[in-house]
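Enquirer: Supplied structure: protein05.csv, CSV, N, CA and C atoms.
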```
chain,number,residue,atom,x,y,z
A,1,MET,N,-13.8,-17.9,-57.7
A,1,MET,CA,-13.1,-17.0,-58.7
A,1,MET,C,-13.6,-17.4,-60.1
A,2,ARG,N,-13.7,-18.6,-60.4
A,2,ARG,CA,-14.1,-19.0,-61.8
A,2,ARG,C,-15.6,-18.6,-62.0
A,3,LEU,N,-16.4,-18.6,-61.0
A,3,LEU,CA,-17.8,-18.2,-61.1
A,3,LEU,C,-17.9,-16.8,-61.5
A,4,ARG,N,-17.0,-16.0,-61.1
A,4,ARG,CA,-17.0,-14.6,-61.4
A,4,ARG,C,-16.8,-14.4,-62.9
A,5,PHE,N,-16.1,-15.3,-63.6
A,5,PHE,CA,-15.9,-15.2,-65.0
A,5,PHE,C,-17.0,-15.9,-65.8
A,6,ILE,N,-17.6,-16.9,-65.2
A,6,ILE,CA,-18.6,-17.7,-65.9
A,6,ILE,C,-19.9,-16.9,-66.0
A,7,ILE,N,-20.3,-16.2,-65.0
A,7,ILE,CA,-21.6,-15.5,-65.1
A,7,ILE,C,-21.5,-14.4,-66.2
A,8,PRO,N,-20.5,-13.5,-66.3
A,8,PRO,CA,-20.5,-12.5,-67.4
A,8,PRO,C,-20.5,-13.2,-68.8
A,9,THR,N,-19.7,-14.3,-68.9
A,9,THR,CA,-19.7,-15.0,-70.2
A,9,THR,C,-21.0,-15.6,-70.5
A,10,ALA,N,-21.7,-16.2,-69.6
A,10,ALA,CA,-23.0,-16.7,-69.8
A,10,ALA,C,-24.0,-15.6,-70.2
A,11,ALA,N,-23.9,-14.5,-69.5
A,11,ALA,CA,-24.8,-13.3,-69.8
A,11,ALA,C,-24.5,-12.8,-71.2
A,12,MET,N,-23.2,-12.8,-71.6
A,12,MET,CA,-22.9,-12.3,-73.0
A,12,MET,C,-23.5,-13.2,-74.0
A,13,LEU,N,-23.4,-14.5,-73.8
A,13,LEU,CA,-23.9,-15.5,-74.7
A,13,LEU,C,-25.4,-15.4,-74.9
A,14,LEU,N,-26.1,-15.2,-73.8
A,14,LEU,CA,-27.5,-15.0,-73.8
A,14,LEU,C,-27.9,-13.8,-74.6
A,15,LEU,N,-27.2,-12.7,-74.4
A,15,LEU,CA,-27.5,-11.4,-75.0
A,15,LEU,C,-27.1,-11.5,-76.5
A,16,SER,N,-26.1,-12.2,-76.9
A,16,SER,CA,-25.7,-12.3,-78.3
A,16,SER,C,-26.6,-13.2,-79.1
A,17,GLY,N,-27.4,-14.0,-78.4
A,17,GLY,CA,-28.4,-14.9,-79.1
A,17,GLY,C,-27.8,-16.3,-79.5
A,18,PHE,N,-26.6,-16.5,-79.1
A,18,PHE,CA,-26.0,-17.8,-79.4
A,18,PHE,C,-25.8,-18.7,-78.2
A,19,THR,N,-26.1,-19.9,-78.3
A,19,THR,CA,-25.9,-20.8,-77.2
A,19,THR,C,-24.4,-21.3,-77.1
A,20,GLN,N,-24.0,-21.8,-76.0
A,20,GLN,CA,-22.6,-22.3,-75.9
A,20,GLN,C,-22.4,-23.4,-76.9
A,21,ALA,N,-23.4,-24.2,-77.2
A,21,ALA,CA,-23.2,-25.3,-78.2
A,21,ALA,C,-23.0,-24.7,-79.6
A,22,GLU,N,-23.7,-23.7,-79.9
A,22,GLU,CA,-23.6,-23.1,-81.2
A,22,GLU,C,-22.2,-22.4,-81.4
A,23,LEU,N,-21.7,-21.8,-80.3
A,23,LEU,CA,-20.4,-21.2,-80.3
A,23,LEU,C,-19.3,-22.3,-80.5
A,24,GLU,N,-19.5,-23.3,-79.7
A,24,GLU,CA,-18.5,-24.4,-79.8
A,24,GLU,C,-18.5,-25.1,-81.1
A,25,LYS,N,-19.7,-25.2,-81.7
A,25,LYS,CA,-19.7,-25.8,-83.1
A,25,LYS,C,-19.0,-24.9,-84.1
A,26,ALA,N,-19.2,-23.6,-84.0
A,26,ALA,CA,-18.6,-22.6,-84.9
A,26,ALA,C,-17.1,-22.6,-84.7
A,27,LYS,N,-16.7,-22.7,-83.4
A,27,LYS,CA,-15.2,-22.8,-83.1
A,27,LYS,C,-14.6,-24.1,-83.7
A,28,ASN,N,-15.3,-25.2,-83.6
A,28,ASN,CA,-14.7,-26.5,-84.1
A,28,ASN,C,-14.7,-26.4,-85.6
A,29,THR,N,-15.7,-25.9,-86.2
A,29,THR,CA,-15.8,-25.8,-87.7
A,29,THR,C,-14.6,-24.9,-88.2
A,30,LYS,N,-14.4,-23.8,-87.5
A,30,LYS,CA,-13.3,-22.9,-87.9
A,30,LYS,C,-12.0,-23.6,-87.7
A,31,GLU,N,-11.8,-24.4,-86.7
A,31,GLU,CA,-10.5,-25.1,-86.5
A,31,GLU,C,-10.3,-26.2,-87.5
A,32,PHE,N,-11.4,-26.8,-87.9
A,32,PHE,CA,-11.4,-27.9,-89.0
A,32,PHE,C,-10.8,-27.2,-90.3
A,33,PHE,N,-11.4,-26.1,-90.7
A,33,PHE,CA,-11.0,-25.5,-91.9
A,33,PHE,C,-9.6,-24.8,-91.8
A,34,LYS,N,-9.3,-24.4,-90.6
A,34,LYS,CA,-7.9,-23.9,-90.4
A,34,LYS,C,-6.9,-25.0,-90.6
A,35,ASP,N,-7.2,-26.2,-90.1
A,35,ASP,CA,-6.3,-27.3,-90.2
A,35,ASP,C,-6.2,-27.8,-91.7
A,36,SER,N,-7.4,-27.7,-92.4
A,36,SER,CA,-7.4,-28.1,-93.8
A,36,SER,C,-6.6,-27.1,-94.6
A,37,TYR,N,-6.6,-25.8,-94.3
A,37,TYR,CA,-5.8,-24.9,-95.0
A,37,TYR,C,-4.3,-25.1,-94.8
A,38,TRP,N,-4.0,-25.4,-93.5
A,38,TRP,CA,-2.6,-25.6,-93.2
A,38,TRP,C,-2.1,-26.9,-93.8
A,39,LYS,N,-2.9,-28.0,-93.9
A,39,LYS,CA,-2.5,-29.2,-94.5
A,39,LYS,C,-2.2,-29.0,-96.0
A,40,CYS,N,-3.0,-28.2,-96.6
A,40,CYS,CA,-2.8,-27.8,-98.0
A,40,CYS,C,-1.5,-27.1,-98.2
A,41,LEU,N,-1.2,-26.1,-97.3
A,41,LEU,CA,0.0,-25.3,-97.4
A,41,LEU,C,1.2,-26.2,-97.1
A,42,ALA,N,1.0,-27.2,-96.2
A,42,ALA,CA,2.1,-28.1,-95.9
A,42,ALA,C,2.5,-29.0,-97.1
A,43,THR,N,1.5,-29.4,-97.9
A,43,THR,CA,1.7,-30.1,-99.1
A,43,THR,C,2.5,-29.3,-100.1
A,44,GLU,N,2.2,-28.0,-100.2
A,44,GLU,CA,2.9,-27.1,-101.1
A,44,GLU,C,4.3,-26.9,-100.6
A,45,ILE,N,4.5,-26.8,-99.3
A,45,ILE,CA,5.9,-26.7,-98.7
A,45,ILE,C,6.7,-27.9,-99.1
A,46,LEU,N,6.2,-29.1,-99.0
A,46,LEU,CA,7.0,-30.3,-99.3
A,46,LEU,C,7.3,-30.4,-100.8
A,47,ARG,N,6.4,-29.9,-101.6
A,47,ARG,CA,6.6,-29.9,-103.0
A,47,ARG,C,7.7,-28.9,-103.4
A,48,VAL,N,7.9,-27.8,-102.7
A,48,VAL,CA,8.8,-26.8,-103.1
A,48,VAL,C,10.2,-27.0,-102.4
A,49,VAL,N,10.3,-27.7,-101.3
A,49,VAL,CA,11.6,-27.8,-100.6
A,49,VAL,C,12.7,-28.2,-101.5
A,50,PRO,N,12.6,-29.2,-102.4
A,50,PRO,CA,13.8,-29.5,-103.2
A,50,PRO,C,14.0,-28.6,-104.4
A,51,THR,N,13.2,-27.6,-104.6
A,51,THR,CA,13.4,-26.8,-105.8
A,51,THR,C,14.2,-25.5,-105.4
A,52,ASN,N,14.5,-24.7,-106.4
A,52,ASN,CA,15.3,-23.5,-106.2
A,52,ASN,C,14.4,-22.3,-105.9
A,53,THR,N,13.1,-22.5,-105.6
A,53,THR,CA,12.2,-21.4,-105.4
A,53,THR,C,12.6,-20.7,-104.1
A,54,SER,N,12.8,-19.4,-104.2
A,54,SER,CA,13.2,-18.6,-103.1
A,54,SER,C,12.0,-18.5,-102.1
A,55,ALA,N,12.4,-18.1,-100.9
A,55,ALA,CA,11.4,-17.9,-99.8
A,55,ALA,C,10.4,-16.8,-100.3
A,56,GLN,N,10.9,-15.7,-100.9
A,56,GLN,CA,10.1,-14.6,-101.4
A,56,GLN,C,9.1,-15.1,-102.4
A,57,GLU,N,9.6,-15.9,-103.4
A,57,GLU,CA,8.7,-16.4,-104.4
A,57,GLU,C,7.7,-17.4,-103.8
A,58,PHE,N,8.1,-18.2,-102.8
A,58,PHE,CA,7.1,-19.1,-102.2
A,58,PHE,C,6.1,-18.3,-101.4
A,59,PHE,N,6.5,-17.2,-100.8
A,59,PHE,CA,5.5,-16.3,-100.1
A,59,PHE,C,4.4,-15.8,-101.1
A,60,VAL,N,4.9,-15.3,-102.2
A,60,VAL,CA,4.0,-14.8,-103.2
A,60,VAL,C,3.1,-16.0,-103.7
A,61,PHE,N,3.7,-17.2,-103.9
A,61,PHE,CA,2.9,-18.3,-104.3
A,61,PHE,C,1.8,-18.7,-103.3
A,62,THR,N,2.1,-18.6,-102.0
A,62,THR,CA,1.2,-19.0,-100.9
A,62,THR,C,-0.1,-18.2,-101.0
A,63,LYS,N,0.0,-16.9,-101.5
A,63,LYS,CA,-1.2,-16.1,-101.6
A,63,LYS,C,-2.2,-16.6,-102.6
A,64,GLN,N,-1.7,-17.4,-103.5
A,64,GLN,CA,-2.6,-18.0,-104.5
A,64,GLN,C,-2.9,-19.5,-104.3
A,65,ALA,N,-2.1,-20.1,-103.5
A,65,ALA,CA,-2.2,-21.5,-103.2
A,65,ALA,C,-3.4,-21.9,-102.4
A,66,CYS,N,-4.0,-23.0,-102.6
A,66,CYS,CA,-5.0,-23.6,-101.8
A,66,CYS,C,-6.3,-22.6,-101.7
A,67,PRO,N,-6.8,-22.1,-102.8
A,67,PRO,CA,-7.8,-21.1,-102.8
A,67,PRO,C,-9.1,-21.6,-102.1
A,68,LYS,N,-9.5,-22.9,-102.3
A,68,LYS,CA,-10.7,-23.4,-101.6
A,68,LYS,C,-10.5,-23.4,-100.1
A,69,GLU,N,-9.4,-24.0,-99.7
A,69,GLU,CA,-9.1,-24.1,-98.3
A,69,GLU,C,-9.0,-22.8,-97.6
A,70,ARG,N,-8.3,-21.9,-98.3
A,70,ARG,CA,-8.2,-20.5,-97.8
A,70,ARG,C,-9.6,-19.8,-97.6
A,71,ASN,N,-10.4,-20.0,-98.6
A,71,ASN,CA,-11.7,-19.3,-98.6
A,71,ASN,C,-12.6,-20.0,-97.5
A,72,ASP,N,-12.5,-21.3,-97.4
A,72,ASP,CA,-13.3,-21.9,-96.3
A,72,ASP,C,-12.9,-21.5,-94.9
A,73,PHE,N,-11.6,-21.3,-94.7
A,73,PHE,CA,-11.1,-20.9,-93.5
A,73,PHE,C,-11.5,-19.4,-93.2
A,74,PHE,N,-11.4,-18.6,-94.3
A,74,PHE,CA,-11.8,-17.2,-94.1
A,74,PHE,C,-13.2,-17.1,-93.7
A,75,ILE,N,-14.1,-17.8,-94.4
A,75,ILE,CA,-15.5,-17.7,-94.1
A,75,ILE,C,-15.9,-18.2,-92.7
A,76,THR,N,-15.3,-19.4,-92.3
A,76,THR,CA,-15.7,-19.9,-91.0
A,76,THR,C,-15.0,-19.1,-89.9
A,77,LEU,N,-13.8,-18.5,-90.1
A,77,LEU,CA,-13.2,-17.7,-89.1
A,77,LEU,C,-14.1,-16.4,-89.0
A,78,SER,N,-14.5,-15.8,-90.1
A,78,SER,CA,-15.3,-14.6,-90.1
A,78,SER,C,-16.6,-14.8,-89.3
A,79,ASN,N,-17.2,-16.0,-89.6
A,79,ASN,CA,-18.5,-16.3,-88.9
A,79,ASN,C,-18.3,-16.4,-87.4
A,80,TYR,N,-17.2,-17.1,-87.0
A,80,TYR,CA,-16.9,-17.2,-85.6
A,80,TYR,C,-16.6,-15.9,-85.0
A,81,ILE,N,-15.9,-15.0,-85.6
A,81,ILE,CA,-15.6,-13.7,-85.0
A,81,ILE,C,-16.9,-12.9,-84.9
A,82,LYS,N,-17.8,-13.0,-85.9
A,82,LYS,CA,-19.1,-12.3,-85.8
A,82,LYS,C,-19.9,-12.8,-84.7
A,83,MET,N,-19.8,-14.1,-84.4
A,83,MET,CA,-20.6,-14.6,-83.2
A,83,MET,C,-20.0,-14.1,-81.9
A,84,LEU,N,-18.7,-14.0,-81.9
A,84,LEU,CA,-18.1,-13.5,-80.6
A,84,LEU,C,-18.2,-12.0,-80.5
A,85,HIS,N,-18.3,-11.3,-81.6
A,85,HIS,CA,-18.3,-9.8,-81.6
A,85,HIS,C,-19.4,-9.3,-82.6
A,86,PRO,N,-20.7,-9.6,-82.2
A,86,PRO,CA,-21.7,-9.3,-83.2
A,86,PRO,C,-21.8,-7.8,-83.6
A,87,ASP,N,-21.3,-6.9,-82.8
A,87,ASP,CA,-21.5,-5.5,-83.1
A,87,ASP,C,-20.3,-4.9,-83.9
A,88,ASP,N,-19.3,-5.8,-84.2
A,88,ASP,CA,-18.2,-5.3,-85.0
A,88,ASP,C,-18.5,-5.1,-86.4
A,89,ASP,N,-17.9,-4.1,-87.0
A,89,ASP,CA,-18.1,-3.8,-88.4
A,89,ASP,C,-17.6,-5.0,-89.3
A,90,LYS,N,-18.3,-5.2,-90.4
A,90,LYS,CA,-17.9,-6.3,-91.3
A,90,LYS,C,-16.4,-6.1,-91.8
A,91,SER,N,-16.0,-4.9,-92.1
A,91,SER,CA,-14.7,-4.7,-92.5
A,91,SER,C,-13.6,-5.1,-91.5
A,92,THR,N,-14.0,-4.8,-90.2
A,92,THR,CA,-13.1,-5.2,-89.1
A,92,THR,C,-13.0,-6.7,-89.0
A,93,VAL,N,-14.1,-7.4,-89.2
A,93,VAL,CA,-14.1,-8.9,-89.2
A,93,VAL,C,-13.2,-9.4,-90.3
A,94,ALA,N,-13.5,-8.9,-91.5
A,94,ALA,CA,-12.7,-9.3,-92.7
A,94,ALA,C,-11.2,-9.1,-92.5
A,95,ALA,N,-10.9,-7.9,-92.0
A,95,ALA,CA,-9.5,-7.6,-91.7
A,95,ALA,C,-8.8,-8.6,-90.8
A,96,ALA,N,-9.5,-8.9,-89.7
A,96,ALA,CA,-9.0,-9.9,-88.7
A,96,ALA,C,-8.8,-11.3,-89.4
A,97,ALA,N,-9.8,-11.7,-90.2
A,97,ALA,CA,-9.6,-13.0,-90.9
A,97,ALA,C,-8.5,-13.0,-91.8
A,98,ASN,N,-8.3,-11.9,-92.6
A,98,ASN,CA,-7.2,-11.7,-93.5
A,98,ASN,C,-5.8,-11.8,-92.8
A,99,ILE,N,-5.8,-11.2,-91.6
A,99,ILE,CA,-4.5,-11.2,-90.8
A,99,ILE,C,-4.2,-12.7,-90.4
A,100,ALA,N,-5.2,-13.4,-90.0
A,100,ALA,CA,-5.0,-14.8,-89.7
A,100,ALA,C,-4.4,-15.6,-90.9
A,101,ILE,N,-5.0,-15.4,-92.1
A,101,ILE,CA,-4.5,-16.0,-93.3
A,101,ILE,C,-3.1,-15.6,-93.6
A,102,LEU,N,-2.8,-14.3,-93.5
A,102,LEU,CA,-1.4,-13.9,-93.7
A,102,LEU,C,-0.4,-14.5,-92.8
A,103,GLU,N,-0.8,-14.6,-91.5
A,103,GLU,CA,0.1,-15.3,-90.5
A,103,GLU,C,0.3,-16.8,-90.9
A,104,ALA,N,-0.7,-17.4,-91.4
A,104,ALA,CA,-0.5,-18.8,-91.8
A,104,ALA,C,0.5,-18.9,-93.0
A,105,GLN,N,0.3,-17.9,-93.9
A,105,GLN,CA,1.3,-17.9,-95.1
A,105,GLN,C,2.7,-17.6,-94.6
A,106,LYS,N,2.9,-16.7,-93.7
A,106,LYS,CA,4.2,-16.4,-93.1
A,106,LYS,C,4.7,-17.7,-92.4
A,107,ASP,N,3.9,-18.4,-91.7
A,107,ASP,CA,4.3,-19.6,-91.0
A,107,ASP,C,4.8,-20.6,-92.0
A,108,ALA,N,4.1,-20.7,-93.2
A,108,ALA,CA,4.5,-21.7,-94.2
A,108,ALA,C,5.9,-21.3,-94.7
A,109,VAL,N,6.2,-20.1,-94.9
A,109,VAL,CA,7.5,-19.7,-95.4
A,109,VAL,C,8.5,-20.0,-94.3
A,110,THR,N,8.2,-19.8,-93.1
A,110,THR,CA,9.2,-20.1,-92.0
A,110,THR,C,9.4,-21.6,-92.0
A,111,ALA,N,8.4,-22.4,-92.2
A,111,ALA,CA,8.5,-23.9,-92.2
A,111,ALA,C,9.4,-24.3,-93.4
A,112,LEU,N,9.2,-23.7,-94.5
A,112,LEU,CA,10.0,-24.0,-95.7
A,112,LEU,C,11.5,-23.7,-95.4
A,113,ASN,N,11.8,-22.5,-94.8
A,113,ASN,CA,13.1,-22.1,-94.4
A,113,ASN,C,13.7,-23.1,-93.4
A,114,ASP,N,12.9,-23.5,-92.4
A,114,ASP,CA,13.4,-24.4,-91.4
A,114,ASP,C,13.7,-25.8,-92.0
A,115,LEU,N,12.9,-26.2,-92.9
A,115,LEU,CA,13.2,-27.5,-93.6
A,115,LEU,C,14.5,-27.5,-94.4
A,116,ARG,N,14.7,-26.4,-95.1
A,116,ARG,CA,15.9,-26.2,-95.9
A,116,ARG,C,17.1,-26.1,-95.0
A,117,SER,N,17.0,-25.4,-93.9
A,117,SER,CA,18.2,-25.2,-93.0
A,117,SER,C,18.5,-26.4,-92.1
A,118,GLY,N,17.6,-27.3,-92.0
A,118,GLY,CA,17.7,-28.5,-91.1
A,118,GLY,C,17.2,-28.3,-89.7
A,119,LYS,N,16.6,-27.1,-89.4
A,119,LYS,CA,15.9,-26.9,-88.1
A,119,LYS,C,14.7,-27.9,-87.9
A,120,ARG,N,14.1,-28.2,-89.0
A,120,ARG,CA,13.0,-29.2,-89.0
A,120,ARG,C,13.4,-30.3,-89.9
A,121,LYS,N,12.8,-31.5,-89.6
A,121,LYS,CA,13.1,-32.7,-90.4
A,121,LYS,C,11.9,-32.9,-91.4
A,122,MET,N,12.2,-33.4,-92.5
A,122,MET,CA,11.2,-33.8,-93.5
A,122,MET,C,10.4,-34.9,-92.8
A,123,PRO,N,9.1,-34.9,-93.0
A,123,PRO,CA,8.3,-36.0,-92.5
A,123,PRO,C,8.6,-37.3,-93.2
A,124,ALA,N,8.5,-38.4,-92.4
A,124,ALA,CA,8.7,-39.7,-93.0
A,124,ALA,C,7.5,-40.1,-93.8
A,125,ASN,N,7.7,-40.8,-94.9
A,125,ASN,CA,6.6,-41.3,-95.8
A,125,ASN,C,6.0,-42.5,-95.3
```
Any chance you could put this one into structure tokens?
Expert:
Amino acid sequence: MRLRFIIPTAAMLLLSGFTQAELEKAKNTKEFFKDSYWKCLATEILRVVPTNTSAQEFFVFTKQACPKERNDFFITLSNYIKMLHPDDDKSTVAAAANIAILEAQKDAVTALNDLRSGKRKMPAN
């Protein structure tokens, strides 16, 4: 059964011009920058928890926070998507990457609310 899935995947990789190693490297790079962006957002969450900043204000803030990390994640995610779907339009790839960034920002607001409500505990120093 697994062989039935491996053969089409291998054929797709050969036709796309990327080796499995190149795809894996792109995936790992994307994950590294995703984690970097999230760590930066987490730092901002911890900074805001004790303040009176509302969740809405924090959400607006997250759109400007961590510009380097956000850009690195956007670029590496876009590159990874292009490798997986080389025929997709650039605007489709950019839209998909922007959706992932928006979801990270929403998750940051949820984490802030969870910390304030006690659903999550503050990390130990």
Enquirer: Using all atoms listed in the file, determine which residues lie at most 7 Å from segment 45-47 of chain A, disregarding the query and same-chain residues fewer than 4 positions distant; provide the list as a ChimeraX atom specification.
Expert: /A:40-41,51,108,111-112
Enquirer: Name the residues in contact with segment 24-29 of chain A at a cut-off of 8 Å, using only C-alpha atoms, excluding same-chain residues fewer than 4 positions from it; report them as a list in words.
Expert: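 Selected residues are Gln20, Phe33, Thr76, Asn79 and Tyr80 of chain A.
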Enquirer: Next, dump the selected residues to file, keeping only N, CA and C atoms, as a PDB file, in the coordinates of the input.
Expert:
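This went into result33.pdb:
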```pdb
ATOM      1  N   GLN A  20     -24.000 -21.800 -76.000  1.00  0.00           N
ATOM      2  CA  GLN A  20     -22.600 -22.300 -75.900  1.00  0.00           C
ATOM      3  C   GLN A  20     -22.400 -23.400 -76.900  1.00  0.00           C
ATOM      4  N   PHE A  33     -11.400 -26.100 -90.700  1.00  0.00           N
ATOM      5  CA  PHE A  33     -11.000 -25.500 -91.900  1.00  0.00           C
ATOM      6  C   PHE A  33      -9.600 -24.800 -91.800  1.00  0.00           C
ATOM      7  N   THR A  76     -15.300 -19.400 -92.300  1.00  0.00           N
ATOM      8  CA  THR A  76     -15.700 -19.900 -91.000  1.00  0.00           C
ATOM      9  C   THR A  76     -15.000 -19.100 -89.900  1.00  0.00           C
ATOM     10  N   ASN A  79     -17.200 -16.000 -89.600  1.00  0.00           N
ATOM     11  CA  ASN A  79     -18.500 -16.300 -88.900  1.00  0.00           C
ATOM     12  C   ASN A  79     -18.300 -16.400 -87.400  1.00  0.00           C
ATOM     13  N   TYR A  80     -17.200 -17.100 -87.000  1.00  0.00           N
ATOM     14  CA  TYR A  80     -16.900 -17.200 -85.600  1.00  0.00           C
ATOM     15  C   TYR A  80     -16.600 -15.900 -85.000  1.00  0.00           C
TER      16      TYR A  80
END
```
Enquirer: Skipping near chain neighbours, those fewer than 5 positions away, what residues fall within 8 Å of Trp38 of chain A using only N, CA and C atoms, listed as number ranges by chain?
Expert: A: 32-33, 43-44, 69-70, 104
Enquirer: So, counting all atoms listed in the file, which residue among A:Ile101, A:Ile81, A:Lys106, A:Tyr37 is closest to Cys66 of chain A?
Expert: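 So, comparing all the options, the nearest one is A:Tyr37.
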Enquirer: Please indicate the distance in Å from atom C of Ala100 of chain A to atom N of Phe61 of chain A, rounded to one decimal place.
Expert: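 Answer for the atom C of Ala100 of chain A to atom N of Phe61 of chain A separation: 15.4 Å.
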Enquirer: Nearest to Thr92 of chain A among A:Ser78, A:Ala42, A:Arg116, A:Lys34, with distances taken over only C-alpha atoms: which residue is it?
Expert: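 Among A:Ser78, A:Ala42, A:Arg116, A:Lys34, it is A:Ser78 that comes nearest to Thr92 of chain A.
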Enquirer: Within chain A, find each residue whose DSSP state, derived from the backbone, is alpha helix (DSSP H), and express the selection as a PyMOL selection string.
Expert: chain A and resi 2-16+20-48+55-62+67-84+90-117
Enquirer: Between atom CA of Asp89 of chain A and atom CA of Ala21 of chain A, what is the distance in Å, rounded to a tenth?
Expert: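 Computing the Euclidean distance for atom CA of Asp89 of chain A and atom CA of Ala21 of chain A yields 24.3 Å.
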Enquirer: Can you measure atom CA of Asp35 of chain A to atom C of Lys68 of chain A for me? One decimal in Å is fine.
Expert: 11.4 Å
Enquirer: Calculated over only N, CA and C atoms, which of the candidates A:Lys121, A:Ser36, A:Ala55, A:Phe18 has the smallest distance to Val109 of chain A?
Expert: A:Ala55
